[in-house]
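This report refers to the structure that appears directly beneath it.
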Amino acid sequence: MSIGYACRTVGVPYTDLKSCTLKNANGANLYKLIDHNLSALENIIDYNIINNVKLFRIGSDLIPFGSSSVNNILWGELFAEKFLKIGEKIKESKMRVSMHPGQYTVLNSPDEGIVKRAIQDLNYHTQVLECLGVGQEHKIVLHIGGVYNDKKVASQRFITHYHYLDESVKRRLVIENDDKSYTIDNVLEIGIALNTPVIFDNLHHAINAYDKEKSDDDWIKVCKKTWQKKDGNQKIHYSQQDPLKKIGSHSHTIRIDEFIRFYEGIETEKLDIMLEVKDKNLSAVKCINATNKDKKIQTLEMEWGKYKYTVLESSPSDYLEIRKLLTNKSDYPVISFYNLIESALQKECTARNTINAALHIWGYFKNIAEDKEKNRFLKSIEDYKQEKTSVRTIKNNLWKMSIKYQQPYLLGSYYFVL
DNA sequence: TGACGTCAAGATCCG
DNA sequence: CGGATCTTGACGTCA
């Protein structure tokens, strides 16, 4: 059983993917971007290995304009070694990766040109995974596409167009229910016809279900039958509704109580769970720690080190509460721990608490900072008090100091990104 | 024709 | 001039 996250990290230095606009997409630029992005991907994979994350979705923008003819450089060959090095790390650590073309890759379109581009896009995604040298259990997830006033005809067209795909693409392709058009039973019908694995997405299903007679667990069991041994473990997507945003919007973080309720209601033995959530790796690590059989307080102490200053600026009372929670070294109060962090992070930061936390961070530098740096920090605090600047300015300033003076504890802190 | 979703690039504004 | 903040881009479907 693995739990993972999609595309990018939060709070992990040197893991951002870069891109460019169409008009700047020339060979020299693209070469630099790809080189940078592959290094970033390697850093993400390294982070995953260190943090015991065994499931990860590689972002489609790894190769900018990867499926477009404007990108005509032979990136597969030019970066072959870099790809293979990353692929080796993935295989060695038994990580499973995947890719997921976006909502604009539509295989079942009645428009020939759009179908052609969709096929090119699927070829591109396949090529990335092949360059890494990873097996066919490393999947490409696709939605069915548009309805065009007749879902039966449109489903049939998906099946017809599927047969245009290269064997290497078909081997990896899996299909998923969406939040507007194709319900899980629609997708299963196509999946069974094509002998293609089906991904169950719980939030899409909650919004767009043919009938709600069956539970999530029931549907997961039905989908399981579409996964064969060669496909690897069954995969599902899991996300939660953001309570403040419109229907279908992913939550900022995975609420741990709600996740555990879901987790305990399904058969997880041979199941991989891809989380779709704004805070990415933070929620993945949270859910991994909450379901881990290896219950060590050190795991929570490390997590606390990353969250503590964010908690301090949101809620000093929760800060004290969590410290108390972690005093018994033989305990593993993982659920209470994350509940307290979630509750703290929901609270509005008062100006007083914001400044208090900033001064705590400043404590790392006050004896080593140059006068110029000290003045800049004090000025940012003054400006903030007078509402002339946002807390961003203070944090960006302190972040630069953390890099300059190489404070490892601060470089891993979520204070700068949450 | 614009909303939808996503997030970095690119543009512009500010001190 | 550097940094913060706002706007655009790139894609296809649907109302």
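As shown in the structure tokens, the chain order sets the letters A, B, ...; within each chain, residues go from 1, and ligands are also counted from 1 in the order they appear.
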Write out as JSON lines the residues of chain A that have any atom within 8 Å of an atom of chain C, one row each with the nearest atom pair and its distance in Å to one decimal, counting only C-alpha atoms (C1' of nucleotides), sorted by chain and then rising number.
```
{"residue": "A:Thr21", "atom": "CA", "partner": "C:DG9", "partner_atom": "C1'", "distance": 6.8}
{"residue": "A:Gln103", "atom": "CA", "partner": "C:DG12", "partner_atom": "C1'", "distance": 7.7}
{"residue": "A:Tyr104", "atom": "CA", "partner": "C:DC11", "partner_atom": "C1'", "distance": 5.0}
{"residue": "A:Thr105", "atom": "CA", "partner": "C:DG12", "partner_atom": "C1'", "distance": 7.7}
{"residue": "A:Val106", "atom": "CA", "partner": "C:DG12", "partner_atom": "C1'", "distance": 7.4}
{"residue": "A:Gly146", "atom": "CA", "partner": "C:DT13", "partner_atom": "C1'", "distance": 6.5}
```
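Within 10 Å of chain A, chain B contributes the residues DG5, DT6, DA8, DA9 and DG10 of chain B, using only C-alpha atoms (C1' of nucleotides).
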May I have the residues from that selection written out with N, CA, C and O atoms (P, O5', C5', C4', C3', O3' and C1' of nucleotides), as a PDB file, in the first residue's frame?
```pdb
ATOM      1  P    DG B   5     -13.157  25.388 -11.723  1.00  0.00           P
ATOM      2  O5'  DG B   5     -11.689  24.982 -12.161  1.00  0.00           O
ATOM      3  C5'  DG B   5     -11.425  23.667 -12.589  1.00  0.00           C
ATOM      4  C4'  DG B   5      -9.945  23.515 -12.805  1.00  0.00           C
ATOM      5  C3'  DG B   5      -9.080  24.120 -11.696  1.00  0.00           C
ATOM      6  O3'  DG B   5      -8.141  23.134 -11.386  1.00  0.00           O
ATOM      7  C1'  DG B   5      -8.394  24.964 -13.812  1.00  0.00           C
ATOM      8  P    DT B   6      -7.339  23.146 -10.010  1.00  0.00           P
ATOM      9  O5'  DT B   6      -5.877  23.544 -10.487  1.00  0.00           O
ATOM     10  C5'  DT B   6      -5.274  22.790 -11.526  1.00  0.00           C
ATOM     11  C4'  DT B   6      -4.101  23.556 -12.057  1.00  0.00           C
ATOM     12  C3'  DT B   6      -3.388  24.415 -11.011  1.00  0.00           C
ATOM     13  O3'  DT B   6      -2.157  23.801 -10.717  1.00  0.00           O
ATOM     14  C1'  DT B   6      -3.602  25.518 -13.124  1.00  0.00           C
ATOM     15  P    DA B   8       4.307  27.378  -9.916  1.00  0.00           P
ATOM     16  O5'  DA B   8       5.402  27.858 -10.965  1.00  0.00           O
ATOM     17  C5'  DA B   8       5.639  27.068 -12.110  1.00  0.00           C
ATOM     18  C4'  DA B   8       5.770  27.967 -13.327  1.00  0.00           C
ATOM     19  C3'  DA B   8       6.750  29.123 -13.150  1.00  0.00           C
ATOM     20  O3'  DA B   8       7.590  29.157 -14.293  1.00  0.00           O
ATOM     21  C1'  DA B   8       4.625  29.960 -13.813  1.00  0.00           C
ATOM     22  P    DA B   9       8.659  30.305 -14.531  1.00  0.00           P
ATOM     23  O5'  DA B   9       7.984  31.174 -15.668  1.00  0.00           O
ATOM     24  C5'  DA B   9       7.523  30.543 -16.857  1.00  0.00           C
ATOM     25  C4'  DA B   9       6.950  31.581 -17.806  1.00  0.00           C
ATOM     26  C3'  DA B   9       7.872  32.753 -18.098  1.00  0.00           C
ATOM     27  O3'  DA B   9       7.689  33.072 -19.462  1.00  0.00           O
ATOM     28  C1'  DA B   9       5.879  33.536 -17.055  1.00  0.00           C
ATOM     29  P    DG B  10       8.578  34.131 -20.172  1.00  0.00           P
ATOM     30  O5'  DG B  10       7.729  35.458 -19.972  1.00  0.00           O
ATOM     31  C5'  DG B  10       6.449  35.553 -20.586  1.00  0.00           C
ATOM     32  C4'  DG B  10       5.785  36.836 -20.154  1.00  0.00           C
ATOM     33  C3'  DG B  10       6.661  38.084 -20.259  1.00  0.00           C
ATOM     34  O3'  DG B  10       5.958  39.011 -21.082  1.00  0.00           O
ATOM     35  C1'  DG B  10       5.575  37.990 -18.156  1.00  0.00           C
TER      36       DG B  10
END
```
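Rounded to one decimal, CA of Ile45 in chain A and CA of Glu303 in chain A lie 19.2 Å from each other.
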Using only C-alpha atoms (C1' of nucleotides), which protein or nucleic acid residues come within 7 Å of Ala344 in chain A? Drop anything in the same chain fewer than 4 positions from it, and give the result as a count of residues only. 5
**Request:** Find the spatial neighbours of Asp201 in chain A, counting only C-alpha atoms (C1' of nucleotides), within a cut-off of 10 Å - ignore same-chain residues fewer than 4 positions away - and output them as an NGL selection string.
**Result:** :A and (176-179 or 183-184 or 205-206 or 216 or 219-220 or 235-239 or 273-276)
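Atom pair CA of Lys295 in chain A / CA of Lys280 in chain A has a distance of 22.5 Å (rounded to one decimal).
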Members of range 83-129 of chain A assigned alpha helix (DSSP H) by DSSP, as JSON, numbers by chain: {"A": [83, 84, 85, 86, 87, 88, 89, 90, 91, 92, 112, 113, 114, 115, 116, 117, 118, 119, 120, 121, 122, 123, 124, 125, 126, 127, 128, 129]}
Exercise for review: Fewer than 3 positions away in the same chain doesn't count, so skip those; otherwise give me all residues within 10 Å of range 400-409 of chain A, counting only C-alpha atoms (C1' of nucleotides), as a list in words.
Suggested key: Gly305, Lys306, Ile361, Trp362, Tyr364, Phe365, Ile368, Ala369, Glu373, Phe377, Lys395, Asn396, Asn397, Gly412 and Ser413 of chain A
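Near range 162-169 of chain A, within 8 Å and counting only C-alpha atoms (C1' of nucleotides), sit A:Leu107, A:Ile119, A:Leu122, A:Asn123, A:Thr126, A:Phe158, A:Ile159, A:Thr160, A:Arg171, A:Arg172, A:Leu173, not including residues fewer than 2 positions from it in the same chain.
Remark: for Tyr415 in chain A, the closest of the candidate residues A:Gly11, A:Pro333, A:Lys278, A:Cys349 is A:Gly11 (distances computed over only C-alpha atoms).
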* Contact residues around range 148-150 of chain A with only C-alpha atoms (C1' of nucleotides) at 10 Å, ignoring same-chain residues under 3 positions, as a ChimeraX atom specification -> /A:108-110,145,153-155 /C:13-14
Could you write out the selected residues, including C-alpha atoms (C1' of nucleotides), as a CSV table (one decimal), in the first residue's frame?
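What landed in part.csv:
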```csv
chain,number,residue,atom,x,y,z
A,108,ASN,CA,-12.7,11.0,-28.1
A,109,SER,CA,-13.2,14.4,-29.8
A,110,PRO,CA,-15.1,14.4,-33.2
A,145,GLY,CA,-13.3,13.4,-22.7
A,153,VAL,CA,-21.6,7.6,-29.3
A,154,ALA,CA,-18.9,9.5,-27.6
A,155,SER,CA,-17.9,6.5,-25.5
C,13,DT,C1',-15.7,21.7,-24.0
C,14,DC,C1',-19.9,23.6,-22.9
```
